[in-house]
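Asker: Mind having a look at this structure? Questions to follow.
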Amino acid sequence: MVEGKCNKCGADVPSNSKFCLSCGTKIEKETRQEREPIHDVFRFLFSKNLIIAALLLGLLLIWVGSLVLTFSTDMTGYRAAQTLNSLGFFITGVFLIGGGIVNDSMDRYVRVGMVIIGVYMITSVLALTHLLSTIGSFYN
Ligand SMILES: [Zn+2]
């Protein structure tokens with residue numbers, strides 16, 4: 001398989017050879033690896049603007065859910081609050097984790113922090129769901 005041409009003499013150079021077969025010049029490999037298409041999709045999905053939008057949406061859902069929970073007096077209200085809060089936590093968590101993994105241009109510690117907070121939020125969905133269903137069954 002031919003990967004490129006020798007910089008010195010222009011001869012075709014096989015992908016696995018370290019020296020040009022024609023003139024013996026050392027072949028400098030391109031250090032930048034080609035991105036897989038799926039990676040580009042994730043890059044788009046977890047681009048900074050979309051992460052910010054998703055975080056705002058998630059926090060909005062959590063906020064509205066908290067209001068609904070505060071003022072609800074029956075199971076329908078609790079279920080609505082549960083759905084809103086769970087959705088908010090889930091969206092926020094997923095985008096924090098995805099953003100932390102994909103955005104390799106960002107500071108490493110920030111990315112690790114995003115993933116940790118994301119995992120925390122997604123596990124919180126389970127805890128919150130359990131808590132709200134407990135409250136719901138208490139009042140029912
Ligand atoms: Zn050459």
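Identifiers in this document derive from the order of the structure tokens: chains are assigned A, B, ..., residues are numbered from 1 separately in each chain, and ligands are numbered from 1 in order of occurrence.
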Could you report the residues within 7 Å of ligand 1, using only C-alpha atoms and all ligand atoms, as a VMD selection string?
Answerer: chain A and resid 6 to 11 20 to 25
Asker: Write to file, as a short mmCIF file (atom, residue, chain, number, x, y, z; two decimals), in the first residue's frame, the residues of the selection just made, with N, CA, C and O atoms.
Answerer:
data_model
loop_
_atom_site.label_atom_id
_atom_site.label_comp_id
_atom_site.auth_asym_id
_atom_site.auth_seq_id
_atom_site.Cartn_x
_atom_site.Cartn_y
_atom_site.Cartn_z
N CYS A 6 8.16 10.41 -1.38
CA CYS A 6 9.38 10.86 -0.72
C CYS A 6 9.53 12.37 -0.93
O CYS A 6 9.32 12.88 -2.01
N ASN A 7 9.88 13.06 0.14
CA ASN A 7 10.04 14.52 0.05
C ASN A 7 11.23 14.92 -0.81
O ASN A 7 11.25 15.99 -1.40
N LYS A 8 12.24 14.04 -0.86
CA LYS A 8 13.47 14.38 -1.56
C LYS A 8 13.42 14.05 -3.04
O LYS A 8 13.67 14.91 -3.89
N CYS A 9 13.04 12.77 -3.36
CA CYS A 9 13.09 12.37 -4.76
C CYS A 9 11.72 12.18 -5.40
O CYS A 9 11.61 12.04 -6.61
N GLY A 10 10.68 12.15 -4.58
CA GLY A 10 9.34 12.06 -5.14
C GLY A 10 8.86 10.65 -5.44
O GLY A 10 7.77 10.47 -5.98
N ALA A 11 9.65 9.65 -5.07
CA ALA A 11 9.24 8.27 -5.32
C ALA A 11 8.11 7.87 -4.38
O ALA A 11 8.02 8.39 -3.26
N CYS A 20 13.01 5.89 2.29
CA CYS A 20 12.65 5.85 0.87
C CYS A 20 13.42 4.71 0.20
O CYS A 20 14.64 4.58 0.38
N LEU A 21 12.70 3.87 -0.55
CA LEU A 21 13.33 2.72 -1.20
C LEU A 21 14.19 3.17 -2.38
O LEU A 21 15.09 2.46 -2.81
N SER A 22 13.96 4.36 -2.85
CA SER A 22 14.68 4.85 -4.03
C SER A 22 15.97 5.57 -3.66
O SER A 22 17.03 5.28 -4.20
N CYS A 23 15.90 6.51 -2.70
CA CYS A 23 17.08 7.31 -2.38
C CYS A 23 17.56 7.15 -0.93
O CYS A 23 18.62 7.63 -0.57
N GLY A 24 16.82 6.46 -0.10
CA GLY A 24 17.27 6.18 1.26
C GLY A 24 16.99 7.27 2.27
O GLY A 24 17.39 7.18 3.43
N THR A 25 16.28 8.33 1.86
CA THR A 25 15.95 9.40 2.80
C THR A 25 14.98 8.91 3.87
O THR A 25 14.07 8.14 3.58
#
Asker: Please provide the set of residues having any atom within 7 Å of range 48-59 of chain A, restricted to only C-alpha atoms, with same-chain residues fewer than 4 positions apart removed, written as a PyMOL selection string.
Answerer: chain A and resi 63+88-89+91-92+95+99
Asker: For the residues selected in the previous step, produce a file with all heavy atoms as an mmCIF file, in the first residue's frame.
Answerer:
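Produced file again38.cif, reproduced below:
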data_model
loop_
_atom_site.group_PDB
_atom_site.id
_atom_site.type_symbol
_atom_site.label_atom_id
_atom_site.label_comp_id
_atom_site.auth_asym_id
_atom_site.auth_seq_id
_atom_site.Cartn_x
_atom_site.Cartn_y
_atom_site.Cartn_z
ATOM 1 N N TRP A 63 -34.936 23.407 37.337
ATOM 2 C CA TRP A 63 -35.552 24.541 38.029
ATOM 3 C C TRP A 63 -37.076 24.454 37.980
ATOM 4 O O TRP A 63 -37.769 24.568 38.988
ATOM 5 C CB TRP A 63 -35.052 25.839 37.389
ATOM 6 C CG TRP A 63 -35.629 27.085 37.992
ATOM 7 C CD1 TRP A 63 -35.433 27.539 39.260
ATOM 8 C CD2 TRP A 63 -36.496 28.018 37.345
ATOM 9 N NE1 TRP A 63 -36.119 28.696 39.448
ATOM 10 C CE2 TRP A 63 -36.779 29.026 38.292
ATOM 11 C CE3 TRP A 63 -37.044 28.114 36.078
ATOM 12 C CZ2 TRP A 63 -37.603 30.104 37.997
ATOM 13 C CZ3 TRP A 63 -37.851 29.178 35.770
ATOM 14 C CH2 TRP A 63 -38.125 30.163 36.727
ATOM 15 N N GLY A 88 -33.747 16.849 33.229
ATOM 16 C CA GLY A 88 -32.751 17.904 33.380
ATOM 17 C C GLY A 88 -31.399 17.370 33.828
ATOM 18 O O GLY A 88 -30.369 17.682 33.246
ATOM 19 N N PHE A 89 -31.423 16.524 34.846
ATOM 20 C CA PHE A 89 -30.184 15.922 35.345
ATOM 21 C C PHE A 89 -29.533 15.063 34.277
ATOM 22 O O PHE A 89 -28.308 15.093 34.101
ATOM 23 C CB PHE A 89 -30.471 15.074 36.601
ATOM 24 C CG PHE A 89 -30.373 15.852 37.873
ATOM 25 C CD1 PHE A 89 -31.386 16.707 38.261
ATOM 26 C CD2 PHE A 89 -29.259 15.731 38.690
ATOM 27 C CE1 PHE A 89 -31.302 17.435 39.424
ATOM 28 C CE2 PHE A 89 -29.168 16.456 39.870
ATOM 29 C CZ PHE A 89 -30.189 17.315 40.237
ATOM 30 N N ILE A 91 -29.859 15.154 30.885
ATOM 31 C CA ILE A 91 -29.301 15.949 29.780
ATOM 32 C C ILE A 91 -28.004 16.625 30.209
ATOM 33 O O ILE A 91 -26.982 16.562 29.517
ATOM 34 C CB ILE A 91 -30.322 17.011 29.294
ATOM 35 C CG1 ILE A 91 -31.500 16.333 28.596
ATOM 36 C CG2 ILE A 91 -29.659 18.025 28.361
ATOM 37 C CD1 ILE A 91 -32.626 17.269 28.254
ATOM 38 N N THR A 92 -28.044 17.255 31.388
ATOM 39 C CA THR A 92 -26.848 17.932 31.894
ATOM 40 C C THR A 92 -25.693 16.955 32.063
ATOM 41 O O THR A 92 -24.567 17.212 31.626
ATOM 42 C CB THR A 92 -27.147 18.600 33.252
ATOM 43 O OG1 THR A 92 -28.351 19.353 33.134
ATOM 44 C CG2 THR A 92 -26.029 19.537 33.651
ATOM 45 N N PHE A 95 -24.226 15.625 28.640
ATOM 46 C CA PHE A 95 -23.423 16.599 27.901
ATOM 47 C C PHE A 95 -22.137 16.975 28.636
ATOM 48 O O PHE A 95 -21.139 17.303 28.010
ATOM 49 C CB PHE A 95 -24.266 17.838 27.564
ATOM 50 C CG PHE A 95 -24.980 17.680 26.259
ATOM 51 C CD1 PHE A 95 -26.181 16.995 26.202
ATOM 52 C CD2 PHE A 95 -24.438 18.153 25.074
ATOM 53 C CE1 PHE A 95 -26.834 16.803 25.002
ATOM 54 C CE2 PHE A 95 -25.081 17.961 23.867
ATOM 55 C CZ PHE A 95 -26.283 17.285 23.828
ATOM 56 N N GLY A 99 -18.915 16.153 26.644
ATOM 57 C CA GLY A 99 -18.060 17.317 26.418
ATOM 58 C C GLY A 99 -16.685 17.144 27.026
ATOM 59 O O GLY A 99 -15.677 17.507 26.431
#
Asker: What residues in range 1-132 of chain A get the DSSP label strand (DSSP E)? Please answer as a list in words.
Answerer: Val2, Glu3, Gly4, Lys5, Asp12, Val13 and Pro14 of chain A
Asker: Based on DSSP run over this structure's backbone, return all residues of range 71-117 of chain A in helix (DSSP H, G or I), as a ChimeraX atom specification.
Answerer: /A:71,75-102,108-117
Asker: Select, from A:Val64, A:Ile97, A:Leu131, A:Leu45, the residue with the minimum atom-to-atom distance to Val119 in chain A, counting only C-alpha atoms.
Answerer: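 Residue with the minimum atom-to-atom distance to Val119 in chain A: A:Ile97.
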Asker: Might you pull out every residue within 9 Å of Ala81 in chain A, with only C-alpha atoms counted and same-chain residues fewer than 6 positions away left off, and present them as a ChimeraX atom specification?
Answerer: /A:62,64-70,72,132
